[in-house]
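Only one structure is covered here, and it is reproduced in the block below.
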Amino acid sequence: MDWIKKLSSKNPKDWEEVAREIQKKDGTEIKSNRTSIITPQRKITESIPKRKTIKTFKLKKQIKLEETTNNTEQTKYRFSHSDIYEIKNKIKGLKFDTPNDLTNLLSAYEILNTQNTRDLTIQDSLKSTIEILDHQIMTAKKVKNIFNGRAILADEVGLGKTIEAGILIKEYFTTGMIKNALILTPPSLRLQWQQELKSKFNLDFVTNKDDNRFEDFDKHDMLIASLSSASLEKNAEMFKNIEWDLVIVDEAHRLKNSKTYAHMFVKELQKKFIFLLSATPVQNSIQELYNMVEIVRVGHLGTWKDFAMKYTTDKRARIVNPENKVELEDLLQQVVIRTTRDEVRKYLKFTDRIPKTHVMKPSKEESLLYETATNFVRELWQKGTGGKNSMLTLMTLQRQISSSTESTKVALEKKIIKSPENTVELKKIIDIANTIEKDTKMKELEKIIKKDPKTKYLIFTEFRDTQNYIFNILQDEGLEVEKFNGAMSTKERDIAVRKFQKDTNILVSTEAGGEGQNFQFCSNVINYDLPWNPMRVEQRVGRVHRIGQKKDVYIHNLVISDTIEEYILKMIFDKINLFKMTIGDLDLLFEEEGLKNIEREAFESYMSATSSKDRKNKFSALGDKWNHDKKKIHDTVMEFDEEVFANFKNLSSVRK
């Protein structure tokens with residue numbers, strides 16, 4: 001019999017079954033009228049009189065129930081987490097001394113169950129506007145009702161931690177529990193957070209970048225900022241001088257090292273409530289999780305020295321002491337909430353990502369154009385003039401050359417204006433481009449669409465010139481197409497999304513346009529060109545493959561053979577199985593500095609190679625390095641999941 005499940009039931013028959021089973025096992029006499037009194041459908045005050053006092057239930061270990069009365073004369077009950085742990089073990093082990101102890105135990109469990117199931121104020125209204133999943137409501141209730149607004153939300157990837165945070169932000173603002181809120185995210189996720197909170201919860205947050213409403217960090221009560229910019233010395237003091245009601249940190253494993261500026265910055269913020277969001281709070285050492293808990297609830301785990309001595313067995317704090325593992329789990333469950341995919345599979349379908357790589361042989365004209373234009377870039381790179389800015393300019397130019405003939409022509413024409421000394425050479429390259437009637441990539445794109453013209457396709461490109469090229473050709477073919485980019489007004493973008501959802505099957509989007517948008521109604525992503533940064537690739541796919549997607553998502557990658565895109569795709573992205581990874585996985589693998597360097601490493605490897613074989617070796621080495629790092633991180637995270645979270649259950653799980 002699943003005792004916890006039976007005792008969480010609202011069906012009196014389940015409770016009676018528990019009582020009969022206990023009587024059978026232990027010989028304890030239980031009267032039927034007592035089981036009717038302690039069913040969850042009856043009021044608490046029927047089983048425990050309402051009075052201002054502290055009751056002690058005499059179990060194997062004493063459990064203290066604190067009963068208080070507030071101004072509105074409503075009774076509130078609070079259990080410590082050690083009490084909850086003891087109740088669970090009592091029920092599981094069926095250990096009690098007298099019928100009176102059993103009655104007290106079940107009454108205590110009923111109070112506990114009722115305390116944890118108090119509905120949120122916004123619960124009903126929220127369900128009428130967006131789809132909220134059971135575990136998301138349960139988490140929000142637990143954070144508010146039990147954790148007092150200070151928690152680490154550690155759900156596995158893809159279960160909607162952002163939604164859980166959004167529910168709580170809305171609840172706290174609606175009930176007047178908070179007047180301001182600060183959300184700290186990686187730079188790439190600012191817009192996504194802003195869009196999600198606005199579209200799903202009608203919460204209008206200001207971001208510190210690409211938002212013309214932004215004035216300064218201390219001028220907004222609802223602010224989203226990147227953790228990296230907020231923790232800079234020139235900004236940190238301003239944040240610390242503000243009394244924040246709520247602080248949220250996304251991808252909070254960035255705070256794992258207590259000696260970093262980011263960790264110290266968040267810990268020193270004035271804050272009433274705080275949520276740290278991370279699917280992988282432990283990566284290399286249990287100390288990382290300890291450091292995160294210290295931000296949420298200072299002193300909860302004691303000093304690091306005492307903690308390490310009791311709960312770990314090695315100097316690196318990678319092995320959990322098996323003798324104290326259960327006690328450690330109990331301590332962590334007082335501050336960490338973790339829902340796994342296995343727990344929600346009954347009502348949540350997880351779809352797959354299916355990558356399809358299209359490697360195409362270029363025409364003679366395309367091959368000549370690419371080779372000539374790339375040699376021009378390589379010559380400038382070898383000269384090495386202009387420093388960092390020159391490097392970024394050359395990297396962008398090389399990406400444009402790989403994107404499309406149209407983007408190549410536009411880029412070279414602009415280069416003539418900036419570098420007139422190269423006019424003759426550049427015009428010759430443009431003349432080659434003018435001989436190409438239609439890109440090989442474009443022909444492949446048309447084939448993909450014609451195979452299933454009734455389905456929806458989200459086509460991504462980095463450059464607006466390529467976007468216009470794709471849009472115009474598809475329109476000329478008689479297809480209905482919509483455009484989406486950052487230069488469009490909010491109204492224009494909203495119209496494009498509505499048309500794509502209802503009437504049009506094709507949307508051509510740039511990177512900037514796609515940020516923060518959700519297209520779960522589409523199940524085909526086409527990467528017309530390929531970003532060199534894996535995080536940007538994931539962000540594209542993430543617009544489609546997320547909670548709410550009902551179908552497997554097909555990811556079509558269009559690349560021309562023997563170009564930098566092919567080397568990046570085959571030698572790096574395929575090796576690390578990029579198209580099966582999530583933002584959280586990538587954030588762990590590359591971290592902030594790694595992501596900044598990855599594009600440069602790829603570009604320099606391509607530019608410095610002396611032959612096709614040399615290029616293959618350089619890119620293969622990069623891929624092997626990142627694949628090794630990925631495996632190491634994966635193995636370590638899985639090991640800690642098994643050590644720390646394998647038996648991690650929310651003992652006071654709340655139900656709707």
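Simple scheme: letters A, B, ... for chains in structure tokens order, numbers from 1 for residues in each chain, numbers from 1 for ligands in the order shown.
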
Identify all residues of segment 175-231 of chain A in helix (DSSP H, G or I) (DSSP on the backbone) and supply them as a count of residues only.
19

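DSSP secondary structure from the backbone places A:Leu153, A:Ala181, A:Leu182, A:Ile183, A:Leu184, A:Thr185, A:Val206, A:Thr207, A:Met222, A:Leu223, A:Ile224, A:Ala225, A:Ser226 of segment 153-228 of chain A in strand (DSSP E or B).
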
Write the residues you've just listed into a file as a JSON list (two decimals), in the first residue's frame, and include C-alpha atoms for each of them.
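File result20.json, as written:
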```json
[["chain", "number", "residue", "atom", "x", "y", "z"],
["A", 153, "LEU", "CA", 13.60, 25.68, -7.98],
["A", 181, "ALA", "CA", 10.87, 42.61, -8.19],
["A", 182, "LEU", "CA", 14.26, 42.06, -9.80],
["A", 183, "ILE", "CA", 14.97, 39.23, -12.25],
["A", 184, "LEU", "CA", 18.62, 38.43, -13.04],
["A", 185, "THR", "CA", 19.23, 36.28, -16.11],
["A", 206, "VAL", "CA", 11.47, 46.59, -18.17],
["A", 207, "THR", "CA", 14.82, 45.21, -19.39],
["A", 222, "MET", "CA", 9.74, 45.58, -12.25],
["A", 223, "LEU", "CA", 13.20, 45.06, -13.75],
["A", 224, "ILE", "CA", 14.95, 42.34, -15.73],
["A", 225, "ALA", "CA", 18.73, 42.70, -15.97],
["A", 226, "SER", "CA", 21.60, 40.43, -16.91]]
```

Write out as a VMD selection string each polymer residue whose atoms come within 6 Å of segment 535-549 of chain A, counting only C-alpha atoms; drop sequence neighbours fewer than 3 positions from it.
chain A and resid 518 to 520

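Of the residues listed (A:Gln287, A:Gln501, A:Ser605, A:Ser612), A:Gln287 shows the shortest atom-to-atom separation from Ser258 of chain A; distances use only C-alpha atoms.
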
Contacts of Thr466 of chain A at 8 Å or less, counting only C-alpha atoms, minus same-chain residues fewer than 6 places along, as a JSON list (two decimals) with N, CA and C atoms, in the first residue's frame?
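New file part26.json:
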```json
[["chain", "number", "residue", "atom", "x", "y", "z"],
["A", 403, "SER", "N", 25.98, 32.81, -45.70],
["A", 403, "SER", "CA", 24.53, 32.87, -45.60],
["A", 403, "SER", "C", 23.83, 32.77, -46.95],
["A", 404, "SER", "N", 24.13, 33.68, -47.85],
["A", 404, "SER", "CA", 23.47, 33.69, -49.17],
["A", 404, "SER", "C", 24.25, 34.58, -50.13],
["A", 406, "GLU", "N", 22.92, 36.93, -51.86],
["A", 406, "GLU", "CA", 22.40, 38.28, -51.66],
["A", 406, "GLU", "C", 23.09, 38.98, -50.50],
["A", 407, "SER", "N", 23.24, 38.29, -49.38],
["A", 407, "SER", "CA", 23.90, 38.91, -48.23],
["A", 407, "SER", "C", 25.37, 39.16, -48.53]]
```

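The closest residue to Arg341 of chain A, picked from A:Ala279, A:Met292, A:Ala373, A:Ile286 and counting only C-alpha atoms, is A:Ala279.
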
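Excluding Leu191 of chain A itself and same-chain residues fewer than 3 positions from it, the residues having an atom within 9 Å of it are Pro187, Ser188, Gln194, Gln195, Glu196, Thr207, Lys209, Asp210, Ile224, Glu515 and Gly516 of chain A, counting only C-alpha atoms.
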
Among the residues A:Phe521, A:Phe460, A:Tyr370, A:Phe307, the one that comes closest to Asp552 of chain A [using only C-alpha atoms]
A:Phe521

Need the shell around Ala140 of chain A: protein/DNA/RNA residues with any atom at most 6 Å away, counting only C-alpha atoms. Skip same-chain ones fewer than 3 positions apart. Format as a ChimeraX atom specification?
/A:137,143,164,168

When you look at segment 434-439 of chain A with a cut-off of 8 Å (counting only C-alpha atoms), what residues show up, excluding the ones that are within fewer than 2 positions of it in the same chain? I need them as a PyMOL selection string.
chain A and resi 365-366+404-405+430-432+441-443
